[in-house]
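Okay, structure first, notes after.
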Amino acid sequence: MFDNQTFQKLVEADNLTGEVVAVNRFIIEVKGLEGVRIGAQVLFSDGQRGMVREAHGNRVLLYNLDSEDLALGTLAVVQKTNCLYQLAKS
Amino acid sequence: MGRPLDGGPAITTVESSGIFNPAPGIMDRKVLDEQLVSGVPAVDSFFPIVLGQRIAILGDSKSGKSTFLNQLAANQQGSDKIAVYVLIGKRKVDIERLLSNLNSSGAMSNTIVVLANIFDSLTMSYIAPYAACSMAEYLWYNGQDVIVMYDDLSSHAEAYRQLSLLQEVDPGRDSYPGDIFYTHSSLLERAGKLLANGKTLTSLPVVLTPNDDITAYLPTNIMSITDGQIIFDLSYFRKGVRPAVNAGLSVSRVGGQAQNKRQKQLSSGLFKALARFRQADEFSHFSSQLSAETRTDLARGKHLYAALQQPPEELHSLIEQQLILEVIMHSPDDRGIDVSGLKIAVKERANDVKSDEDYDRIEDELFKQFSAQAETTKPEDPELNETEPEDKKSKKKKDK
């Protein structure tokens with residue numbers, strides 16, 4: 001069980017998952033997420049979000065959307081297949 | 001991302017939309033034909049912006065680019081057009097200034113401001129213009145005219161350069177990655193006029209040109225993507241020309257499509273008049289005896305520059321601009337014209353114009369009023385009347 005409810009739900013929904021293996025400021029390298037779409041939005045287990053930039057098999061490069069600080073070993077799960085923003089009700 | 005920053009309540013969302021959407025194809029588009037009035041005669045009468053156009057705003061920092069965008073946003077009040085203002089890599093003080101300007105001019109009621117300040121992450125700076133464009137697209141596809149102002153794409157390119165260098169992408173010219181052109185073209189091609197609903201999305205990307213060098217990599221890239229550019233020149237700004245638009249280098253490639261015959265005639269006449277003024281001005285440095293024609297060119301140019309001089313809060317409708325400029329252009333000789341008085345009179349009379357006949361009548365009346373005034377004040381205007389007609393001078397010489 002993860003503390004992050006949203007993350008838990010996404011994992012239970014069988015979305016693609018991976019693990020952070022390298023961090024270079026905003027650039028995150030994740031092992032896993034095989035078959036992910038470029039531009040997909042990813043949620044990390046600490047609540048930060050990422051966007052898929054490059055995918056080479058099970059090595060995926062992401063942009064961290066929130067900060068430069070992300071711990072190695074953090075888990076990642078695909079949240080949306082596109083990088084999206086929410087539209088408000090008029 | 002998408003959080004309200006104005007202290008308002010949380011936004012209830014019902015739908016979501018992609019940030020990197022593809023642009024509409026050529027078959028879904030319509031020819032642009034309607035002018036977007038900025039309220040600035042130096043732009044509207046020389047380089048008209050058309051709804052759906054992409055027009056780059058270039059200039060060094062503090063040369064009046066943001067002031068122009070503010071004027072453009074303020075001039076959309078009372079219309080159903082929505083302005084989307086994207087601020088990328090700006091300092092908090094600049095953001096505050098912009099917001100207070102938008103609030104004071106009342107433009108905030110139909111403006112969306114998207115912010116990625118210098119303290120936000122590089123990724124936020126990178127995706128801010130795309131997210132703003134998506135918001136604009138939603139409104140566009142749902143039947144509204146939208147104007148997107150990207151202030152500025154130089155900061156966006158720098159953020160993307162940093163991200164790419166971190167990503168170990170091979171650096172190209174000026175260390176930008178090879179796909180920097182695609183980055184901006186994919187953003188700017190998301191503009192135009194839709195065939196389905198006839199609505200438009202107008203893009204105004206701002207690009208910094210350090211030391212007024214418009215031949216640098218980024219400015220030339222953006223100029224080649226857009227349908228024209230308005231160049232703000234810092235040297236003009238320092239000379240006191242406001243707005244400091246460089247008339248020689250600016251161009252609107254689709255501007256003519258939105259102008260009627262009369263506007264086109266005026267526009268070409270203005271360019272010719274300014275060119276003749278520059279020539280006459282240079283000539284006047286060498287010679288004290290000027291022909292009547294040269295004196296007319298000099299006087300007309302000075303009056304035109306005085307008419308184009310404009311404080312940020314002063315905005316003119318198209319009719320007002322045309323009346324002011326045509327009265328000056330129709331002046332047959334070097335008589336002085338009280339331009340500030342003319343501007344005030346035109347503001348009062350412009351609402352009376354209901355038809356072409358009204359327009360011609362009011363123009364004649366204004367011309368008679370201000371040129372008559374000018375004749376009585378002629379001796380008091382030494383700058384414009386310092387040279388005597390040549391025949392009088394030759395008579396004097398003969399007498400001696």
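Ordering of the structure tokens sets the chain letters (A, B, ...); residue numbers start at 1 within each chain; ligands are numbered from 1 in the order shown.
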At a cut-off of 12 Å, which residues of chain A touch chain B? Count only C-alpha atoms and give the answer as a PyMOL selection string.
chain A and resi 22-29+38-41+48-54+60-69+80-90
Which residue of B:Thr200, B:Gly172, B:Ser185, B:Gly192 approaches Asp80 of chain B most closely, using only C-alpha atoms
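Under the stated criterion, the closest residue is B:Thr200.
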Excluding Arg190 of chain B and its own-chain neighbours fewer than 3 positions away, which residues fall within 10 Å of it when counting only C-alpha atoms? Please give them as a list in words.
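Everything that qualifies: Phe20, Asn21, Pro22, Ala23, Pro24, Gly25, Gly52, Arg54, Tyr130, Cys133, Ser134, Ala136, Glu137, Ser185, Ser186, Leu187, Leu201, Thr202 and Ser203 of chain B.
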Written selection (N, CA and C atoms) as an mmCIF file, in the first residue's frame:
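Result file again.cif:
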data_model
loop_
_atom_site.group_PDB
_atom_site.id
_atom_site.type_symbol
_atom_site.label_atom_id
_atom_site.label_comp_id
_atom_site.auth_asym_id
_atom_site.auth_seq_id
_atom_site.Cartn_x
_atom_site.Cartn_y
_atom_site.Cartn_z
ATOM 1 N N PHE B 20 0.004 19.192 -26.250
ATOM 2 C CA PHE B 20 0.704 19.217 -27.542
ATOM 3 C C PHE B 20 -0.257 18.774 -28.651
ATOM 4 N N ASN B 21 -1.298 19.576 -28.874
ATOM 5 C CA ASN B 21 -2.282 19.209 -29.896
ATOM 6 C C ASN B 21 -1.755 19.503 -31.293
ATOM 7 N N PRO B 22 -2.165 18.709 -32.293
ATOM 8 C CA PRO B 22 -1.759 19.054 -33.667
ATOM 9 C C PRO B 22 -2.556 20.263 -34.174
ATOM 10 N N ALA B 23 -1.957 21.001 -35.088
ATOM 11 C CA ALA B 23 -2.632 22.180 -35.659
ATOM 12 C C ALA B 23 -3.676 21.725 -36.671
ATOM 13 N N PRO B 24 -4.726 22.532 -36.911
ATOM 14 C CA PRO B 24 -5.699 22.153 -37.937
ATOM 15 C C PRO B 24 -5.047 22.096 -39.319
ATOM 16 N N GLY B 25 -5.514 21.175 -40.140
ATOM 17 C CA GLY B 25 -4.938 21.008 -41.481
ATOM 18 C C GLY B 25 -5.356 22.121 -42.419
ATOM 19 N N GLY B 52 -6.220 35.940 -36.838
ATOM 20 C CA GLY B 52 -5.769 34.630 -37.289
ATOM 21 C C GLY B 52 -4.322 34.631 -37.746
ATOM 22 N N ARG B 54 -0.133 35.156 -37.523
ATOM 23 C CA ARG B 54 0.956 35.030 -36.562
ATOM 24 C C ARG B 54 1.889 36.191 -36.853
ATOM 25 N N TYR B 130 2.544 26.036 -24.553
ATOM 26 C CA TYR B 130 1.708 24.986 -25.153
ATOM 27 C C TYR B 130 0.387 24.864 -24.384
ATOM 28 N N CYS B 133 -1.755 27.766 -25.260
ATOM 29 C CA CYS B 133 -2.283 27.611 -26.612
ATOM 30 C C CYS B 133 -3.455 26.620 -26.598
ATOM 31 N N SER B 134 -3.348 25.577 -25.755
ATOM 32 C CA SER B 134 -4.441 24.601 -25.659
ATOM 33 C C SER B 134 -5.701 25.253 -25.101
ATOM 34 N N ALA B 136 -6.462 28.390 -25.385
ATOM 35 C CA ALA B 136 -6.952 29.255 -26.465
ATOM 36 C C ALA B 136 -7.664 28.421 -27.521
ATOM 37 N N GLU B 137 -7.086 27.252 -27.832
ATOM 38 C CA GLU B 137 -7.682 26.373 -28.851
ATOM 39 C C GLU B 137 -9.076 25.914 -28.439
ATOM 40 N N SER B 185 7.738 26.250 -34.290
ATOM 41 C CA SER B 185 6.792 26.178 -35.416
ATOM 42 C C SER B 185 5.569 25.349 -35.035
ATOM 43 N N SER B 186 5.778 24.283 -34.220
ATOM 44 C CA SER B 186 4.630 23.457 -33.826
ATOM 45 C C SER B 186 3.685 24.232 -32.915
ATOM 46 N N LEU B 187 4.232 25.221 -32.226
ATOM 47 C CA LEU B 187 3.394 26.072 -31.366
ATOM 48 C C LEU B 187 2.659 27.119 -32.201
ATOM 49 N N LEU B 201 -7.694 32.320 -34.247
ATOM 50 C CA LEU B 201 -6.720 32.333 -33.155
ATOM 51 C C LEU B 201 -5.505 33.108 -33.673
ATOM 52 N N THR B 202 -5.228 34.244 -33.067
ATOM 53 C CA THR B 202 -4.123 35.094 -33.500
ATOM 54 C C THR B 202 -2.954 34.900 -32.544
ATOM 55 N N SER B 203 -1.765 34.677 -33.082
ATOM 56 C CA SER B 203 -0.587 34.453 -32.227
ATOM 57 C C SER B 203 0.370 35.621 -32.333
#
